[in-house]
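Remarks on the structure that follows.
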Amino acid sequence: MSLLEVDRIDAYYGQSHILRDLSLEIEDGEVCALLGRNGAGKTTTLRCVAGATPPDVRSGEIRFDGDEVVGRETEDVSISGIGLVPEERRIFPNLTVEENLHLAEVSRNSSNLIGRNLSQVSETRPLREIYDAFPRLDDRQNQMAGTLSGGEQQMLAIARALRQNPRLLMLDEPYEGLAPQIIEDVEDAIRRISEEGTTVLLVEQNAAAAIKIAERCYIVDQGEIVYEGPSEELRADEETRQRYLGV
Ligand code: ATP
């Protein structure tokens, strides 16, 4: 059984049919990339897995560790072990780095835990472990998050998701707007996260960068999966890259 199984989903925004019979599987422990052009349906796929609405999943199933996810609340999905770093990062600019990281803990300890089987709720990761993994944040604990560089803000967004100790971390275009040197820092962070045992689903338009760290790739085009294979294979397959990714 794969850790995440997206099984033939059809998803809509209102009347617009966005994802069509889309399936993908993420194995426990791997780094997998979902690639595609602007508007192909990458973010929509992540939103379906994370339990966000819209989109509306009208058919198909999504299973995480064997349990059905469709129809569950976002918070519930998060508690079950799926972390999402959204494209817009959503850090709190007027709070410090440390306060942003504390908020992850507060949300995990608040009323949304009432009535849950607490043995199934993961502990938040200690701040010290997070700072060890992100030394740039360690140096800037008391800096206002809004004054961090783009790369540092991306690190903070990832660090905040990691505080919740997800088994699967989904990253939506983490390299967007970052300079090549900073992209390398974020790549290193993702590699470390993976080495520590977290499964990663990386959504990117920047196919070249994603292929570097993912073991396996999917390509989505107009809401359909049009390619699945090892990164090596896609790297060598110029025709597919040109056709669906324009690179
Ligand atoms: P990008 O890299 O530009 O974010 P993407 O592959 O993530 O692209 P999606 O954001 O999943 O693409 O969008 C897929 C399609 O769904 C697009 O045609 C988009 O216009 C449409 N769409 C996205 N969000 C909504 C919404 N809230 N309401 C209606 N249509 C939407």
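Every chain in the structure tokens has a letter given in the order shown (A, B, ...), and although residue numbers restart at 1 in each chain, ligands are simply numbered from 1 in the order shown.
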
Can you build me a table of chain A residues sitting at most 12 Å from ligand 1, with the closest atom pair per residue and its distance in Å to one decimal, using only C-alpha atoms and all ligand atoms, sorted by chain and residue number, as JSON lines?
{"residue": "A:Ala11", "atom": "CA", "partner": "ligand 1", "partner_atom_place_in_ligand_line": "16 (O)", "distance": 9.6}
{"residue": "A:Tyr12", "atom": "CA", "partner": "ligand 1", "partner_atom_place_in_ligand_line": "30 (N)", "distance": 8.1}
{"residue": "A:Tyr13", "atom": "CA", "partner": "ligand 1", "partner_atom_place_in_ligand_line": "29 (C)", "distance": 4.8}
{"residue": "A:Gly14", "atom": "CA", "partner": "ligand 1", "partner_atom_place_in_ligand_line": "29 (C)", "distance": 6.9}
{"residue": "A:Gln15", "atom": "CA", "partner": "ligand 1", "partner_atom_place_in_ligand_line": "29 (C)", "distance": 8.8}
{"residue": "A:Ser16", "atom": "CA", "partner": "ligand 1", "partner_atom_place_in_ligand_line": "30 (N)", "distance": 6.9}
{"residue": "A:His17", "atom": "CA", "partner": "ligand 1", "partner_atom_place_in_ligand_line": "16 (O)", "distance": 8.3}
{"residue": "A:Ile18", "atom": "CA", "partner": "ligand 1", "partner_atom_place_in_ligand_line": "16 (O)", "distance": 5.6}
{"residue": "A:Leu19", "atom": "CA", "partner": "ligand 1", "partner_atom_place_in_ligand_line": "14 (C)", "distance": 7.9}
{"residue": "A:Arg20", "atom": "CA", "partner": "ligand 1", "partner_atom_place_in_ligand_line": "14 (C)", "distance": 11.3}
{"residue": "A:Leu34", "atom": "CA", "partner": "ligand 1", "partner_atom_place_in_ligand_line": "6 (O)", "distance": 9.2}
{"residue": "A:Leu35", "atom": "CA", "partner": "ligand 1", "partner_atom_place_in_ligand_line": "6 (O)", "distance": 7.9}
{"residue": "A:Gly36", "atom": "CA", "partner": "ligand 1", "partner_atom_place_in_ligand_line": "6 (O)", "distance": 5.9}
{"residue": "A:Arg37", "atom": "CA", "partner": "ligand 1", "partner_atom_place_in_ligand_line": "6 (O)", "distance": 5.9}
{"residue": "A:Asn38", "atom": "CA", "partner": "ligand 1", "partner_atom_place_in_ligand_line": "3 (O)", "distance": 3.7}
{"residue": "A:Gly39", "atom": "CA", "partner": "ligand 1", "partner_atom_place_in_ligand_line": "12 (O)", "distance": 3.3}
{"residue": "A:Ala40", "atom": "CA", "partner": "ligand 1", "partner_atom_place_in_ligand_line": "6 (O)", "distance": 3.7}
{"residue": "A:Gly41", "atom": "CA", "partner": "ligand 1", "partner_atom_place_in_ligand_line": "11 (O)", "distance": 3.2}
{"residue": "A:Lys42", "atom": "CA", "partner": "ligand 1", "partner_atom_place_in_ligand_line": "6 (O)", "distance": 3.7}
{"residue": "A:Thr43", "atom": "CA", "partner": "ligand 1", "partner_atom_place_in_ligand_line": "7 (O)", "distance": 3.6}
{"residue": "A:Thr44", "atom": "CA", "partner": "ligand 1", "partner_atom_place_in_ligand_line": "11 (O)", "distance": 3.6}
{"residue": "A:Thr45", "atom": "CA", "partner": "ligand 1", "partner_atom_place_in_ligand_line": "11 (O)", "distance": 6.4}
{"residue": "A:Leu46", "atom": "CA", "partner": "ligand 1", "partner_atom_place_in_ligand_line": "11 (O)", "distance": 8.1}
{"residue": "A:Arg47", "atom": "CA", "partner": "ligand 1", "partner_atom_place_in_ligand_line": "11 (O)", "distance": 8.3}
{"residue": "A:Cys48", "atom": "CA", "partner": "ligand 1", "partner_atom_place_in_ligand_line": "11 (O)", "distance": 9.8}
{"residue": "A:Ala52", "atom": "CA", "partner": "ligand 1", "partner_atom_place_in_ligand_line": "27 (N)", "distance": 10.7}
{"residue": "A:Thr53", "atom": "CA", "partner": "ligand 1", "partner_atom_place_in_ligand_line": "27 (N)", "distance": 8.6}
{"residue": "A:Pro54", "atom": "CA", "partner": "ligand 1", "partner_atom_place_in_ligand_line": "27 (N)", "distance": 6.2}
{"residue": "A:Pro55", "atom": "CA", "partner": "ligand 1", "partner_atom_place_in_ligand_line": "27 (N)", "distance": 7.1}
{"residue": "A:Asp56", "atom": "CA", "partner": "ligand 1", "partner_atom_place_in_ligand_line": "27 (N)", "distance": 10.3}
{"residue": "A:Pro86", "atom": "CA", "partner": "ligand 1", "partner_atom_place_in_ligand_line": "4 (O)", "distance": 10.2}
{"residue": "A:Glu87", "atom": "CA", "partner": "ligand 1", "partner_atom_place_in_ligand_line": "4 (O)", "distance": 7.8}
{"residue": "A:Glu88", "atom": "CA", "partner": "ligand 1", "partner_atom_place_in_ligand_line": "4 (O)", "distance": 10.1}
{"residue": "A:Leu171", "atom": "CA", "partner": "ligand 1", "partner_atom_place_in_ligand_line": "7 (O)", "distance": 11.4}
{"residue": "A:Asp172", "atom": "CA", "partner": "ligand 1", "partner_atom_place_in_ligand_line": "7 (O)", "distance": 7.9}
{"residue": "A:Glu173", "atom": "CA", "partner": "ligand 1", "partner_atom_place_in_ligand_line": "2 (O)", "distance": 7.5}
{"residue": "A:Pro174", "atom": "CA", "partner": "ligand 1", "partner_atom_place_in_ligand_line": "2 (O)", "distance": 11.1}
{"residue": "A:Tyr175", "atom": "CA", "partner": "ligand 1", "partner_atom_place_in_ligand_line": "2 (O)", "distance": 11.5}
{"residue": "A:Glu176", "atom": "CA", "partner": "ligand 1", "partner_atom_place_in_ligand_line": "2 (O)", "distance": 9.4}
{"residue": "A:Leu202", "atom": "CA", "partner": "ligand 1", "partner_atom_place_in_ligand_line": "7 (O)", "distance": 11.7}
{"residue": "A:Val203", "atom": "CA", "partner": "ligand 1", "partner_atom_place_in_ligand_line": "7 (O)", "distance": 8.0}
{"residue": "A:Glu204", "atom": "CA", "partner": "ligand 1", "partner_atom_place_in_ligand_line": "2 (O)", "distance": 7.4}
{"residue": "A:Gln205", "atom": "CA", "partner": "ligand 1", "partner_atom_place_in_ligand_line": "2 (O)", "distance": 6.2}
{"residue": "A:Asn206", "atom": "CA", "partner": "ligand 1", "partner_atom_place_in_ligand_line": "2 (O)", "distance": 9.7}
{"residue": "A:Ala207", "atom": "CA", "partner": "ligand 1", "partner_atom_place_in_ligand_line": "2 (O)", "distance": 11.7}
{"residue": "A:Ile219", "atom": "CA", "partner": "ligand 1", "partner_atom_place_in_ligand_line": "6 (O)", "distance": 9.9}
{"residue": "A:Val220", "atom": "CA", "partner": "ligand 1", "partner_atom_place_in_ligand_line": "6 (O)", "distance": 7.6}
{"residue": "A:Asp221", "atom": "CA", "partner": "ligand 1", "partner_atom_place_in_ligand_line": "6 (O)", "distance": 8.0}
{"residue": "A:Gln222", "atom": "CA", "partner": "ligand 1", "partner_atom_place_in_ligand_line": "14 (C)", "distance": 7.6}
{"residue": "A:Gly223", "atom": "CA", "partner": "ligand 1", "partner_atom_place_in_ligand_line": "14 (C)", "distance": 7.1}
{"residue": "A:Glu224", "atom": "CA", "partner": "ligand 1", "partner_atom_place_in_ligand_line": "6 (O)", "distance": 10.8}
{"residue": "A:Ile225", "atom": "CA", "partner": "ligand 1", "partner_atom_place_in_ligand_line": "6 (O)", "distance": 11.6}
{"residue": "A:Tyr244", "atom": "CA", "partner": "ligand 1", "partner_atom_place_in_ligand_line": "6 (O)", "distance": 11.8}
{"residue": "A:Leu245", "atom": "CA", "partner": "ligand 1", "partner_atom_place_in_ligand_line": "6 (O)", "distance": 11.1}

* Considering only C-alpha atoms, return as a list in words whatever protein or nucleic-acid residues lie within 9 Å of stretch 191-196 of chain A, sequence-local ones (same chain, fewer than 2 positions apart) excluded. =>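 My reading of the contact set: Gly29, Glu30, Val31, Ala133, Leu162, Val186, Glu187, Asp188, Ala189, Thr198, Thr199, Val200 and Ile213 of chain A.
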
* Between atom CA of A:Ile82 and atom CA of A:Met155 - distance in Å to one decimal ->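 Answer for the atom CA of A:Met155 to atom CA of A:Ile82 separation: 17.9 Å.
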
* Distance of atom CA of A:Leu156 from atom CA of A:Glu98, expressed in Å to one decimal place ->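 Distance reported for this atom pair: 9.5 Å.
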
* Asked: Contacts of A:Gly83 at 12 Å or less, counting only C-alpha atoms, minus same-chain residues fewer than 5 places along, as a ChimeraX atom specification?
  -> /A:46-47,49-51,74-78,104,122,157-172,198-202

* To do: If you run DSSP over the backbone, which residues in stretch 47-244 of chain A end up strand (DSSP E)? Put them as an MDAnalysis selection string.
  => chainID A and resid 56:64 67:68 82:85 168:172 199:204 216:221 224:230

Take the residues from that selection and write them out as an mmCIF file, in the first residue's frame, keeping N, CA and C atoms.
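Contents of result.cif, as written:
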data_model
loop_
_atom_site.group_PDB
_atom_site.id
_atom_site.type_symbol
_atom_site.label_atom_id
_atom_site.label_comp_id
_atom_site.auth_asym_id
_atom_site.auth_seq_id
_atom_site.Cartn_x
_atom_site.Cartn_y
_atom_site.Cartn_z
ATOM 1 N N ASP A 56 -14.166 20.861 -5.345
ATOM 2 C CA ASP A 56 -15.163 19.893 -4.926
ATOM 3 C C ASP A 56 -14.811 18.561 -5.615
ATOM 4 N N VAL A 57 -14.485 17.557 -4.822
ATOM 5 C CA VAL A 57 -14.148 16.247 -5.406
ATOM 6 C C VAL A 57 -15.445 15.471 -5.569
ATOM 7 N N ARG A 58 -15.867 15.262 -6.811
ATOM 8 C CA ARG A 58 -17.174 14.624 -7.035
ATOM 9 C C ARG A 58 -17.085 13.130 -7.270
ATOM 10 N N SER A 59 -15.921 12.637 -7.683
ATOM 11 C CA SER A 59 -15.791 11.179 -7.751
ATOM 12 C C SER A 59 -14.347 10.783 -7.537
ATOM 13 N N GLY A 60 -14.147 9.527 -7.209
ATOM 14 C CA GLY A 60 -12.811 9.023 -6.918
ATOM 15 C C GLY A 60 -12.536 9.031 -5.427
ATOM 16 N N GLU A 61 -11.369 8.514 -5.066
ATOM 17 C CA GLU A 61 -11.001 8.422 -3.650
ATOM 18 C C GLU A 61 -9.583 8.924 -3.424
ATOM 19 N N ILE A 62 -9.349 9.410 -2.230
ATOM 20 C CA ILE A 62 -7.991 9.769 -1.825
ATOM 21 C C ILE A 62 -7.757 9.088 -0.483
ATOM 22 N N ARG A 63 -6.751 8.209 -0.428
ATOM 23 C CA ARG A 63 -6.468 7.504 0.822
ATOM 24 C C ARG A 63 -5.080 7.866 1.318
ATOM 25 N N PHE A 64 -5.008 8.151 2.604
ATOM 26 C CA PHE A 64 -3.722 8.416 3.236
ATOM 27 C C PHE A 64 -3.515 7.344 4.287
ATOM 28 N N ASP A 67 -6.591 5.374 4.926
ATOM 29 C CA ASP A 67 -7.849 6.012 5.345
ATOM 30 C C ASP A 67 -8.336 7.034 4.321
ATOM 31 N N GLU A 68 -9.636 7.036 4.079
ATOM 32 C CA GLU A 68 -10.225 7.976 3.120
ATOM 33 C C GLU A 68 -10.093 9.418 3.632
ATOM 34 N N ILE A 82 -0.671 15.006 7.225
ATOM 35 C CA ILE A 82 -0.349 15.627 5.938
ATOM 36 C C ILE A 82 -0.106 17.117 6.158
ATOM 37 N N GLY A 83 1.095 17.579 5.821
ATOM 38 C CA GLY A 83 1.423 18.996 5.947
ATOM 39 C C GLY A 83 1.448 19.647 4.574
ATOM 40 N N LEU A 84 0.958 20.892 4.496
ATOM 41 C CA LEU A 84 0.970 21.614 3.213
ATOM 42 C C LEU A 84 1.638 22.964 3.409
ATOM 43 N N VAL A 85 2.614 23.255 2.551
ATOM 44 C CA VAL A 85 3.182 24.600 2.503
ATOM 45 C C VAL A 85 2.614 25.248 1.248
ATOM 46 N N LEU A 168 3.731 13.199 5.568
ATOM 47 C CA LEU A 168 3.829 13.631 4.169
ATOM 48 C C LEU A 168 3.832 15.147 4.150
ATOM 49 N N LEU A 169 4.869 15.717 3.548
ATOM 50 C CA LEU A 169 4.940 17.170 3.421
ATOM 51 C C LEU A 169 4.732 17.531 1.955
ATOM 52 N N MET A 170 3.720 18.364 1.689
ATOM 53 C CA MET A 170 3.436 18.781 0.314
ATOM 54 C C MET A 170 3.863 20.236 0.157
ATOM 55 N N LEU A 171 4.712 20.495 -0.827
ATOM 56 C CA LEU A 171 5.251 21.839 -1.022
ATOM 57 C C LEU A 171 4.762 22.383 -2.357
ATOM 58 N N ASP A 172 4.069 23.516 -2.336
ATOM 59 C CA ASP A 172 3.537 24.097 -3.576
ATOM 60 C C ASP A 172 4.472 25.191 -4.080
ATOM 61 N N THR A 199 8.121 11.912 3.981
ATOM 62 C CA THR A 199 7.812 11.760 2.561
ATOM 63 C C THR A 199 7.486 13.131 1.984
ATOM 64 N N VAL A 200 7.939 13.402 0.760
ATOM 65 C CA VAL A 200 7.766 14.748 0.195
ATOM 66 C C VAL A 200 7.070 14.682 -1.159
ATOM 67 N N LEU A 201 6.045 15.518 -1.317
ATOM 68 C CA LEU A 201 5.428 15.734 -2.632
ATOM 69 C C LEU A 201 5.709 17.181 -3.011
ATOM 70 N N LEU A 202 6.492 17.330 -4.071
ATOM 71 C CA LEU A 202 6.975 18.640 -4.485
ATOM 72 C C LEU A 202 6.239 19.045 -5.756
ATOM 73 N N VAL A 203 5.516 20.159 -5.693
ATOM 74 C CA VAL A 203 4.816 20.654 -6.870
ATOM 75 C C VAL A 203 5.619 21.810 -7.450
ATOM 76 N N GLU A 204 5.978 21.709 -8.721
ATOM 77 C CA GLU A 204 6.833 22.741 -9.305
ATOM 78 C C GLU A 204 6.540 23.003 -10.775
ATOM 79 N N ARG A 216 11.027 10.475 -8.542
ATOM 80 C CA ARG A 216 9.989 10.097 -9.495
ATOM 81 C C ARG A 216 9.142 11.318 -9.790
ATOM 82 N N CYS A 217 8.580 11.382 -10.999
ATOM 83 C CA CYS A 217 7.793 12.561 -11.385
ATOM 84 C C CYS A 217 6.473 12.167 -12.023
ATOM 85 N N TYR A 218 5.508 13.018 -11.808
ATOM 86 C CA TYR A 218 4.270 12.989 -12.588
ATOM 87 C C TYR A 218 4.183 14.306 -13.333
ATOM 88 N N ILE A 219 3.543 14.281 -14.491
ATOM 89 C CA ILE A 219 3.221 15.543 -15.168
ATOM 90 C C ILE A 219 1.710 15.612 -15.302
ATOM 91 N N VAL A 220 1.147 16.758 -14.922
ATOM 92 C CA VAL A 220 -0.285 16.985 -15.110
ATOM 93 C C VAL A 220 -0.440 18.042 -16.199
ATOM 94 N N ASP A 221 -1.397 17.790 -17.090
ATOM 95 C CA ASP A 221 -1.667 18.728 -18.170
ATOM 96 C C ASP A 221 -3.177 18.800 -18.355
ATOM 97 N N GLU A 224 -5.154 16.331 -16.338
ATOM 98 C CA GLU A 224 -4.964 14.889 -16.477
ATOM 99 C C GLU A 224 -3.498 14.537 -16.306
ATOM 100 N N ILE A 225 -3.249 13.376 -15.709
ATOM 101 C CA ILE A 225 -1.862 12.898 -15.625
ATOM 102 C C ILE A 225 -1.467 12.373 -17.010
ATOM 103 N N VAL A 226 -0.393 12.958 -17.556
ATOM 104 C CA VAL A 226 0.021 12.565 -18.909
ATOM 105 C C VAL A 226 1.364 11.847 -18.895
ATOM 106 N N TYR A 227 2.021 11.809 -17.743
ATOM 107 C CA TYR A 227 3.327 11.148 -17.671
ATOM 108 C C TYR A 227 3.609 10.733 -16.238
ATOM 109 N N GLU A 228 4.242 9.583 -16.084
ATOM 110 C CA GLU A 228 4.722 9.158 -14.769
ATOM 111 C C GLU A 228 5.989 8.350 -14.998
ATOM 112 N N GLY A 229 7.051 8.656 -14.290
ATOM 113 C CA GLY A 229 8.272 7.880 -14.467
ATOM 114 C C GLY A 229 9.388 8.383 -13.577
ATOM 115 N N PRO A 230 10.495 7.631 -13.523
ATOM 116 C CA PRO A 230 11.642 8.065 -12.731
ATOM 117 C C PRO A 230 12.216 9.371 -13.284
#

* To do: To one decimal in Å, tell me the separation between atom CA of A:Thr147 and atom CA of A:Gln181.
  =>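 Value for the atom CA of A:Thr147-atom CA of A:Gln181 distance: 19.1 Å.
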
* **Selection near stretch 138-144 of chain A, 8 Å with only C-alpha atoms, sequence-local residues under 2 positions removed, as a ChimeraX atom specification** => /A:93-98,131-132,134-136,146-148

* To do: Could you please write out, as a ChimeraX atom specification, every residue of stretch 4-231 of chain A that DSSP assigns to alpha helix (DSSP H)?
  => /A:42-50,74-79,97-109,127-133,135-138,150-163,180-195,207-213,231

* Asked: Between A:Glu25, A:Glu233, A:Asp185, A:Glu105, which is the closest to A:Gly66 once you count only C-alpha atoms?
  ->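 Smallest distance to A:Gly66 is found for A:Glu25.
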
* **For A:Arg90, the nearest of the candidates A:Leu4, A:Gln154, A:Leu24, A:Leu178, counting only C-alpha atoms** =>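 Comparing A:Leu4, A:Gln154, A:Leu24, A:Leu178 against A:Arg90, the winner is A:Gln154.
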